[in-house]
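Source file: model-v2.cif; contents: mmCIF, C-alpha atoms.
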data_input
#
loop_
_atom_site.label_atom_id
_atom_site.label_comp_id
_atom_site.auth_asym_id
_atom_site.auth_seq_id
_atom_site.Cartn_x
_atom_site.Cartn_y
_atom_site.Cartn_z
CA MET Q 148 -21.08 -28.47 -5.25
CA ILE Q 149 -18.56 -30.61 -7.12
CA GLU Q 150 -19.91 -33.26 -9.49
CA TYR Q 151 -17.92 -36.37 -8.64
CA ASP Q 152 -18.33 -39.93 -9.91
CA ALA Q 153 -15.98 -42.28 -8.06
CA GLU Q 154 -16.75 -45.26 -10.29
CA GLN Q 155 -16.11 -43.37 -13.51
CA LYS Q 156 -13.19 -41.46 -11.94
CA ARG Q 157 -14.66 -38.22 -13.23
CA MET Q 158 -15.00 -34.78 -11.66
CA VAL Q 159 -16.64 -31.67 -13.13
CA LEU Q 160 -15.95 -28.24 -11.66
CA LYS Q 161 -18.01 -25.12 -12.32
CA LEU Q 162 -16.46 -21.66 -12.00
CA VAL Q 163 -18.59 -18.53 -12.41
CA TYR Q 164 -17.72 -14.90 -13.22
CA TYR Q 165 -20.22 -12.55 -11.56
CA GLY Q 166 -20.57 -8.77 -11.38
CA PRO Q 167 -22.51 -5.70 -12.52
CA ALA Q 168 -23.43 -5.07 -16.13
CA MET Q 169 -20.54 -3.90 -18.32
CA SER Q 170 -17.92 -4.54 -15.64
CA GLY Q 171 -15.92 -6.74 -18.00
CA LYS Q 172 -17.03 -10.29 -17.23
CA THR Q 173 -17.42 -11.20 -20.89
CA THR Q 174 -14.17 -9.48 -21.83
CA ASN Q 175 -12.38 -11.45 -19.10
CA LEU Q 176 -13.54 -14.76 -20.46
CA LEU Q 177 -12.94 -13.85 -24.10
CA LYS Q 178 -9.40 -12.81 -23.24
CA LEU Q 179 -8.87 -15.91 -21.12
CA HIS Q 180 -10.02 -18.06 -24.00
CA ASP Q 181 -7.55 -16.29 -26.29
CA LEU Q 182 -4.64 -16.70 -23.88
CA ILE Q 183 -5.06 -20.38 -22.98
CA THR Q 184 -3.32 -22.85 -25.29
CA GLN Q 185 -5.55 -24.39 -27.94
CA GLU Q 186 -5.15 -27.93 -26.61
CA GLY Q 187 -6.28 -26.74 -23.19
CA ARG Q 188 -9.52 -25.06 -24.15
CA GLY Q 189 -12.86 -26.00 -25.56
CA ASP Q 190 -15.24 -24.25 -27.93
CA LEU Q 191 -16.50 -20.84 -26.96
CA MET Q 192 -20.29 -20.58 -26.82
CA VAL Q 193 -21.91 -17.17 -26.56
CA LEU Q 194 -25.55 -16.16 -26.26
CA ASP Q 195 -26.12 -12.47 -26.93
CA THR Q 196 -29.09 -10.30 -26.06
CA THR Q 197 -30.03 -6.78 -27.06
CA ASP Q 198 -29.73 -5.33 -23.57
CA ASP Q 199 -26.78 -7.27 -22.17
CA ARG Q 200 -23.95 -8.43 -24.35
CA THR Q 201 -23.93 -11.97 -23.03
CA ILE Q 202 -26.33 -13.99 -20.90
CA PHE Q 203 -23.76 -16.68 -20.24
CA PHE Q 204 -21.35 -18.92 -21.99
CA ASP Q 205 -19.73 -22.23 -21.30
CA LEU Q 206 -16.00 -21.81 -21.73
CA LEU Q 207 -12.86 -23.86 -21.46
CA PRO Q 208 -14.03 -27.41 -20.82
CA PHE Q 209 -10.56 -28.54 -19.80
CA PHE Q 210 -9.76 -32.20 -19.45
CA LEU Q 211 -7.07 -32.85 -16.89
CA VAL Q 212 -6.02 -36.39 -15.97
CA ALA Q 213 -4.49 -36.93 -12.53
CA PRO Q 214 -1.82 -39.61 -11.99
CA SER Q 215 -4.53 -41.84 -10.48
CA GLY Q 216 -6.57 -41.64 -13.68
CA LEU Q 217 -9.10 -39.20 -12.28
CA LYS Q 218 -10.43 -37.00 -15.09
CA ILE Q 219 -11.19 -33.42 -14.15
CA LYS Q 220 -13.25 -31.14 -16.35
CA VAL Q 221 -13.61 -27.44 -15.66
CA LYS Q 222 -16.40 -25.29 -17.04
CA VAL Q 223 -16.28 -21.52 -16.75
CA TYR Q 224 -19.40 -19.37 -17.02
CA THR Q 225 -20.34 -15.72 -16.86
CA VAL Q 226 -23.73 -14.36 -15.84
CA PRO Q 227 -25.76 -11.39 -17.11
CA GLY Q 228 -25.30 -8.17 -15.21
CA GLN Q 229 -28.75 -6.74 -15.87
CA VAL Q 230 -31.13 -6.98 -12.90
CA ARG Q 231 -33.93 -8.30 -15.12
CA HIS Q 232 -31.89 -11.46 -15.68
CA ASP Q 233 -31.66 -12.36 -12.00
CA ALA Q 234 -33.34 -15.73 -12.54
CA THR Q 235 -30.60 -16.63 -15.02
CA ARG Q 236 -27.94 -15.55 -12.54
CA LYS Q 237 -29.40 -17.89 -9.92
CA ALA Q 238 -29.51 -20.74 -12.42
CA VAL Q 239 -25.88 -20.28 -13.43
CA LEU Q 240 -24.75 -20.07 -9.79
CA GLN Q 241 -26.26 -23.44 -8.94
CA ARG Q 242 -23.56 -25.98 -8.07
CA ALA Q 243 -20.81 -23.36 -8.47
CA ASP Q 244 -17.45 -24.47 -7.09
CA GLY Q 245 -15.79 -21.06 -7.29
CA VAL Q 246 -16.63 -17.45 -8.12
CA VAL Q 247 -14.81 -14.41 -9.51
CA PHE Q 248 -16.59 -11.16 -8.73
CA VAL Q 249 -15.65 -8.63 -11.42
CA ALA Q 250 -15.94 -5.08 -10.08
CA ASP Q 251 -15.75 -1.96 -12.25
CA SER Q 252 -12.88 0.21 -10.97
CA GLN Q 253 -14.47 3.47 -12.14
CA LEU Q 254 -15.45 5.72 -9.24
CA ALA Q 255 -18.89 6.26 -10.73
CA GLU Q 256 -19.60 2.52 -10.54
CA ALA Q 257 -19.07 2.08 -6.79
CA ALA Q 258 -22.79 1.81 -6.02
CA ASN Q 259 -23.35 -0.71 -8.80
CA ASN Q 260 -20.46 -2.82 -7.49
CA PHE Q 261 -21.96 -2.80 -4.00
CA GLU Q 262 -25.43 -3.74 -5.22
CA SER Q 263 -24.08 -6.52 -7.41
CA PHE Q 264 -21.95 -8.03 -4.63
CA ASP Q 265 -24.93 -7.91 -2.29
CA ASN Q 266 -26.95 -9.65 -5.00
CA LEU Q 267 -24.22 -12.30 -5.32
CA GLU Q 268 -24.36 -13.03 -1.60
CA LYS Q 269 -28.16 -13.32 -1.66
CA ASN Q 270 -28.22 -15.51 -4.76
CA LEU Q 271 -25.53 -17.83 -3.42
CA ALA Q 272 -27.63 -18.29 -0.29
CA PHE Q 273 -30.69 -18.89 -2.48
CA VAL Q 274 -28.98 -21.80 -4.26
CA GLY Q 275 -27.58 -23.18 -1.01
CA ILE Q 276 -23.98 -21.96 -1.19
CA ASP Q 277 -22.26 -20.26 1.76
CA ILE Q 278 -20.31 -17.21 0.56
CA GLU Q 279 -17.98 -17.70 3.52
CA LYS Q 280 -16.96 -21.13 2.26
CA VAL Q 281 -17.03 -20.96 -1.53
CA PRO Q 282 -13.70 -20.10 -3.23
CA LEU Q 283 -14.05 -16.41 -4.12
CA VAL Q 284 -11.80 -13.81 -5.75
CA VAL Q 285 -12.64 -10.15 -6.33
CA GLN Q 286 -11.17 -8.59 -9.45
CA PHE Q 287 -11.08 -4.81 -9.89
CA ASN Q 288 -11.20 -4.49 -13.65
CA LYS Q 289 -10.63 -1.48 -15.95
CA ARG Q 290 -7.51 -0.34 -14.07
CA ASP Q 291 -6.31 1.17 -17.36
CA LEU Q 292 -8.96 3.90 -17.21
CA LYS Q 293 -8.87 7.29 -15.50
CA ASN Q 294 -10.98 8.20 -12.45
CA VAL Q 295 -10.70 4.79 -10.84
CA VAL Q 296 -10.77 3.88 -7.15
CA SER Q 297 -7.28 3.91 -5.64
CA GLU Q 298 -5.35 0.81 -4.64
CA GLU Q 299 -5.26 2.20 -1.10
CA GLU Q 300 -9.05 2.45 -0.94
CA ILE Q 301 -9.46 -1.05 -2.32
CA ALA Q 302 -7.08 -2.38 0.34
CA ARG Q 303 -8.89 -0.44 3.08
CA VAL Q 304 -12.31 -1.78 2.12
CA TRP Q 305 -11.48 -5.32 1.09
CA GLY Q 306 -8.43 -6.10 3.21
CA PRO Q 307 -10.45 -6.86 6.36
CA THR Q 308 -12.65 -9.34 4.47
CA GLY Q 309 -9.77 -11.68 3.75
CA ILE Q 310 -11.04 -12.17 0.19
CA PRO Q 311 -8.20 -12.19 -2.38
CA VAL Q 312 -8.30 -9.12 -4.62
CA ALA Q 313 -6.77 -8.84 -8.09
CA SER Q 314 -6.27 -5.85 -10.38
CA ALA Q 315 -6.81 -6.17 -14.11
CA SER Q 316 -7.50 -4.63 -17.46
CA ALA Q 317 -9.36 -7.34 -19.30
CA LEU Q 318 -9.41 -5.16 -22.42
CA GLU Q 319 -5.61 -4.96 -22.44
CA GLY Q 320 -5.26 -8.53 -21.23
CA TRP Q 321 -3.28 -8.11 -18.03
CA GLY Q 322 -4.51 -9.51 -14.72
CA VAL Q 323 -6.88 -11.93 -16.45
CA VAL Q 324 -4.84 -15.12 -16.09
CA GLU Q 325 -3.64 -13.98 -12.66
CA THR Q 326 -7.23 -13.66 -11.44
CA PHE Q 327 -8.11 -17.08 -12.81
CA THR Q 328 -5.00 -18.55 -11.17
CA LYS Q 329 -6.02 -17.18 -7.76
CA LEU Q 330 -9.43 -18.81 -8.12
CA LEU Q 331 -7.90 -22.12 -9.19
CA GLU Q 332 -5.60 -22.14 -6.17
CA LEU Q 333 -8.53 -21.63 -3.80
CA THR Q 334 -10.64 -24.18 -5.66
CA TYR Q 335 -7.89 -26.79 -5.51
CA ALA Q 336 -7.54 -26.29 -1.75
CA ALA Q 337 -11.28 -26.82 -1.27
CA ILE Q 338 -11.34 -29.95 -3.44
CA ASP Q 339 -8.22 -31.38 -1.82
CA ARG Q 340 -9.75 -31.06 1.65
CA LYS Q 341 -12.76 -33.12 0.59
CA TYR Q 342 -11.42 -35.49 -2.07
CA ARG Q 343 -7.72 -35.69 -1.13
CA LEU Q 344 -6.43 -34.89 -4.60
CA LEU Q 345 -2.80 -35.08 -3.53
CA GLU Q 346 -2.95 -38.09 -1.23
CA GLU Q 347 -5.31 -40.29 -3.23
CA HIS Q 348 -4.88 -39.03 -6.77
CA GLY Q 349 -1.29 -37.74 -6.86
CA LEU Q 350 -2.31 -34.30 -8.12
CA ASP Q 351 -0.61 -31.38 -6.38
CA ALA Q 352 -1.75 -27.76 -6.44
CA ALA Q 353 1.06 -26.53 -8.68
CA SER Q 354 0.34 -29.15 -11.35
CA PHE Q 355 -3.41 -28.48 -11.18
CA VAL Q 356 -2.97 -24.74 -11.69
CA ARG Q 357 -0.24 -25.08 -14.30
CA LYS Q 358 -2.28 -27.42 -16.49
CA MET Q 359 -5.31 -25.12 -16.27
CA THR Q 360 -3.43 -21.95 -17.12
CA SER Q 361 -1.02 -22.92 -19.88
CA VAL Q 362 -0.67 -19.76 -21.95
CA GLU Q 363 -0.05 -19.48 -25.68
CA GLY Q 364 3.59 -18.73 -26.39
CA SER Q 365 4.79 -19.63 -22.91
#
structure tokens encoding of this file:
Amino acid sequence: MIEYDAEQKRMVLKLVYYGPAMSGKTTNLLKLHDLITQEGRGDLMVLDTTDDRTIFFDLLPFFLVAPSGLKIKVKVYTVPGQVRHDATRKAVLQRADGVVFVADSQLAEAANNFESFDNLEKNLAFVGIDIEKVPLVVQFNKRDLKNVVSEEEIARVWGPTGIPVASASALEGWGVVETFTKLLELTYAAIDRKYRLLEEHGLDAASFVRKMTSVEGS
């Protein structure tokens, strides 16, 4: 649901982190904000509640200028995991151009992961987005903990779906940028098919991803 203004040469992309409560969505975005270079990130805005650490926040309003002059802005959001905030989740998903589903790797959280992914599919349909077509990455977070689902089991369950799967420990910081990179690659491919970013605007996938994921100290 890309916002595109041909006359103004302006495009706004919306990427959303989704998942069960306490799976690490907020930690992912906080860490991502820390890792991205200062010139490539915007102000961090957080809205806290008493029963869920964050309802949502608007993060990293990047400004990327393609060789053609096309300006691309990317906004990244997270949604509340608590069921009582389902209306907010629907609102944040509207016009989403890509989604990261953050699953909790702990064995005890398997049912919550399943329910949350099912909720994602239903809410995407509710806002008019086909889960089969939207760029989607599944991240298994908290891989640094004990009693987590095995890599073999993850591959067995998710392999047949064709959905890219990433492993991460958002708390420790690894896998965060890699997950975001996977989503950006898929998002670029979707945009390029519709708006011909390479052919008409001179922006290739590698440049798009590199400019969005410049890391401090790299």
Residues matched by the PyMOL selection byres ((chain Q and resi 348) around 8) as a PyMOL selection string: chain Q and resi 213-217+343-347+349-350
CA of Arg303 in chain Q to CA of Val247 in chain Q, distance in Å rounded to a single decimal: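 Between CA of Arg303 in chain Q and CA of Val247 in chain Q the gap is 19.7 Å.
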Proximity of range 240-271 of chain Q to range 316-333 of chain Q: per-residue shortest pair, 12 Å limit, all atoms listed in the file, as a Markdown table:
| residue | atom | partner | partner_atom | distance |
| --- | --- | --- | --- | --- |
| Q:Asp244 | CA | Q:Leu330 | CA | 9.9 |
| Q:Gly245 | CA | Q:Leu330 | CA | 6.8 |
| Q:Val246 | CA | Q:Leu330 | CA | 7.3 |
| Q:Val247 | CA | Q:Leu330 | CA | 7.1 |
| Q:Phe248 | CA | Q:Thr326 | CA | 10.1 |
| Q:Val249 | CA | Q:Thr326 | CA | 9.8 |
| Q:Ala250 | CA | Q:Ser316 | CA | 11.2 |
| Q:Asp251 | CA | Q:Ser316 | CA | 10.1 |
| Q:Ser252 | CA | Q:Ser316 | CA | 9.7 |
| Q:Gln253 | CA | Q:Ser316 | CA | 11.9 |
Computed interatomic separation between CA of Lys178 in chain Q and CA of Arg242 in chain Q (Å): 24.6 Å
Residue nearest Tyr164 in chain Q among Q:Thr235, Q:Asn259, Q:Gln286, Q:Ser297 (counting all atoms listed in the file):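 Nearest to Tyr164 in chain Q: Q:Gln286.
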Hits from the PyMOL selection byres ((chain Q and resi 261-270) around 10), listed as a PyMOL selection string: chain Q and resi 165-168+228-230+233-234+236-238+240-241+246+248-250+256-260+271-279+285
Between CA of Ser354 in chain Q and CA of Asn175 in chain Q, distance in Å (one decimal):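 Between CA of Ser354 in chain Q and CA of Asn175 in chain Q the gap is 23.1 Å.
Nearest residue to Thr360 in chain Q among Q:Ala315, Q:Leu179, Q:Leu162, Q:Met169 is Q:Leu179, counting all atoms listed in the file.
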For Val296 in chain Q, the nearest of the candidates Q:Thr174, Q:Ser314, Q:Thr225, Q:Ser361, counting all atoms listed in the file: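 Going through Q:Thr174, Q:Ser314, Q:Thr225, Q:Ser361 one by one, the smallest distance to Val296 in chain Q is for Q:Ser314.
Restricting the calculation to only C-alpha atoms, the smallest distance between Arg157 in chain Q and any of Q:Leu176, Q:Ala352, Q:Ile219, Q:Ile183 is found for Q:Ile219.
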Residues within 12 Å of Asp152 in chain Q, all atoms listed in the file, excluding chain neighbours under 3 positions, as a PyMOL selection string: chain Q and resi 149+155-159+217-219+342
Restore N, CA and C atoms in range 233-256 of chain Q and list the result as a PDB file, in the frame of the given file.
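The resulting file, part.pdb, is shown below:
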ATOM      1  N   ASP Q 233     -32.064 -11.778 -13.274  1.00  0.00           N
ATOM      2  CA  ASP Q 233     -31.660 -12.360 -12.000  1.00  0.00           C
ATOM      3  C   ASP Q 233     -31.947 -13.859 -11.925  1.00  0.00           C
ATOM      4  N   ALA Q 234     -33.019 -14.299 -12.552  1.00  0.00           N
ATOM      5  CA  ALA Q 234     -33.340 -15.730 -12.540  1.00  0.00           C
ATOM      6  C   ALA Q 234     -32.242 -16.526 -13.245  1.00  0.00           C
ATOM      7  N   THR Q 235     -31.703 -15.968 -14.316  1.00  0.00           N
ATOM      8  CA  THR Q 235     -30.600 -16.630 -15.020  1.00  0.00           C
ATOM      9  C   THR Q 235     -29.358 -16.667 -14.158  1.00  0.00           C
ATOM     10  N   ARG Q 236     -29.106 -15.582 -13.431  1.00  0.00           N
ATOM     11  CA  ARG Q 236     -27.940 -15.550 -12.540  1.00  0.00           C
ATOM     12  C   ARG Q 236     -28.040 -16.658 -11.495  1.00  0.00           C
ATOM     13  N   LYS Q 237     -29.213 -16.819 -10.911  1.00  0.00           N
ATOM     14  CA  LYS Q 237     -29.400 -17.890  -9.920  1.00  0.00           C
ATOM     15  C   LYS Q 237     -29.142 -19.251 -10.550  1.00  0.00           C
ATOM     16  N   ALA Q 238     -29.666 -19.443 -11.753  1.00  0.00           N
ATOM     17  CA  ALA Q 238     -29.510 -20.740 -12.420  1.00  0.00           C
ATOM     18  C   ALA Q 238     -28.046 -21.056 -12.684  1.00  0.00           C
ATOM     19  N   VAL Q 239     -27.295 -20.058 -13.122  1.00  0.00           N
ATOM     20  CA  VAL Q 239     -25.880 -20.280 -13.430  1.00  0.00           C
ATOM     21  C   VAL Q 239     -25.072 -20.534 -12.158  1.00  0.00           C
ATOM     22  N   LEU Q 240     -25.465 -19.898 -11.060  1.00  0.00           N
ATOM     23  CA  LEU Q 240     -24.750 -20.070  -9.790  1.00  0.00           C
ATOM     24  C   LEU Q 240     -24.954 -21.442  -9.159  1.00  0.00           C
ATOM     25  N   GLN Q 241     -26.005 -22.132  -9.535  1.00  0.00           N
ATOM     26  CA  GLN Q 241     -26.260 -23.440  -8.940  1.00  0.00           C
ATOM     27  C   GLN Q 241     -25.074 -24.365  -9.141  1.00  0.00           C
ATOM     28  N   ARG Q 242     -24.654 -25.024  -8.065  1.00  0.00           N
ATOM     29  CA  ARG Q 242     -23.560 -25.980  -8.070  1.00  0.00           C
ATOM     30  C   ARG Q 242     -22.217 -25.334  -8.412  1.00  0.00           C
ATOM     31  N   ALA Q 243     -22.088 -24.029  -8.209  1.00  0.00           N
ATOM     32  CA  ALA Q 243     -20.810 -23.360  -8.470  1.00  0.00           C
ATOM     33  C   ALA Q 243     -19.763 -23.810  -7.457  1.00  0.00           C
ATOM     34  N   ASP Q 244     -18.562 -24.051  -7.946  1.00  0.00           N
ATOM     35  CA  ASP Q 244     -17.450 -24.470  -7.090  1.00  0.00           C
ATOM     36  C   ASP Q 244     -16.468 -23.337  -6.815  1.00  0.00           C
ATOM     37  N   GLY Q 245     -16.646 -22.216  -7.497  1.00  0.00           N
ATOM     38  CA  GLY Q 245     -15.790 -21.060  -7.290  1.00  0.00           C
ATOM     39  C   GLY Q 245     -16.344 -19.874  -8.040  1.00  0.00           C
ATOM     40  N   VAL Q 246     -16.061 -18.665  -7.536  1.00  0.00           N
ATOM     41  CA  VAL Q 246     -16.630 -17.450  -8.120  1.00  0.00           C
ATOM     42  C   VAL Q 246     -15.567 -16.352  -8.227  1.00  0.00           C
ATOM     43  N   VAL Q 247     -15.550 -15.662  -9.366  1.00  0.00           N
ATOM     44  CA  VAL Q 247     -14.810 -14.410  -9.510  1.00  0.00           C
ATOM     45  C   VAL Q 247     -15.836 -13.294  -9.575  1.00  0.00           C
ATOM     46  N   PHE Q 248     -15.730 -12.337  -8.664  1.00  0.00           N
ATOM     47  CA  PHE Q 248     -16.590 -11.160  -8.730  1.00  0.00           C
ATOM     48  C   PHE Q 248     -15.815 -10.065  -9.447  1.00  0.00           C
ATOM     49  N   VAL Q 249     -16.311  -9.654 -10.616  1.00  0.00           N
ATOM     50  CA  VAL Q 249     -15.650  -8.630 -11.420  1.00  0.00           C
ATOM     51  C   VAL Q 249     -16.266  -7.268 -11.101  1.00  0.00           C
ATOM     52  N   ALA Q 250     -15.489  -6.432 -10.426  1.00  0.00           N
ATOM     53  CA  ALA Q 250     -15.940  -5.080 -10.080  1.00  0.00           C
ATOM     54  C   ALA Q 250     -15.405  -4.087 -11.104  1.00  0.00           C
ATOM     55  N   ASP Q 251     -16.166  -3.045 -11.353  1.00  0.00           N
ATOM     56  CA  ASP Q 251     -15.750  -1.960 -12.250  1.00  0.00           C
ATOM     57  C   ASP Q 251     -14.992  -0.936 -11.422  1.00  0.00           C
ATOM     58  N   SER Q 252     -13.726  -0.686 -11.768  1.00  0.00           N
ATOM     59  CA  SER Q 252     -12.880   0.210 -10.970  1.00  0.00           C
ATOM     60  C   SER Q 252     -13.271   1.676 -11.039  1.00  0.00           C
ATOM     61  N   GLN Q 253     -14.110   2.064 -11.994  1.00  0.00           N
ATOM     62  CA  GLN Q 253     -14.470   3.470 -12.140  1.00  0.00           C
ATOM     63  C   GLN Q 253     -15.220   3.967 -10.904  1.00  0.00           C
ATOM     64  N   LEU Q 254     -14.845   5.151 -10.445  1.00  0.00           N
ATOM     65  CA  LEU Q 254     -15.450   5.720  -9.240  1.00  0.00           C
ATOM     66  C   LEU Q 254     -16.969   5.802  -9.348  1.00  0.00           C
ATOM     67  N   ALA Q 255     -17.454   6.106 -10.530  1.00  0.00           N
ATOM     68  CA  ALA Q 255     -18.890   6.260 -10.730  1.00  0.00           C
ATOM     69  C   ALA Q 255     -19.656   4.945 -10.603  1.00  0.00           C
ATOM     70  N   GLU Q 256     -18.944   3.824 -10.583  1.00  0.00           N
ATOM     71  CA  GLU Q 256     -19.600   2.520 -10.540  1.00  0.00           C
ATOM     72  C   GLU Q 256     -19.601   1.888  -9.153  1.00  0.00           C
TER      73      GLU Q 256
END
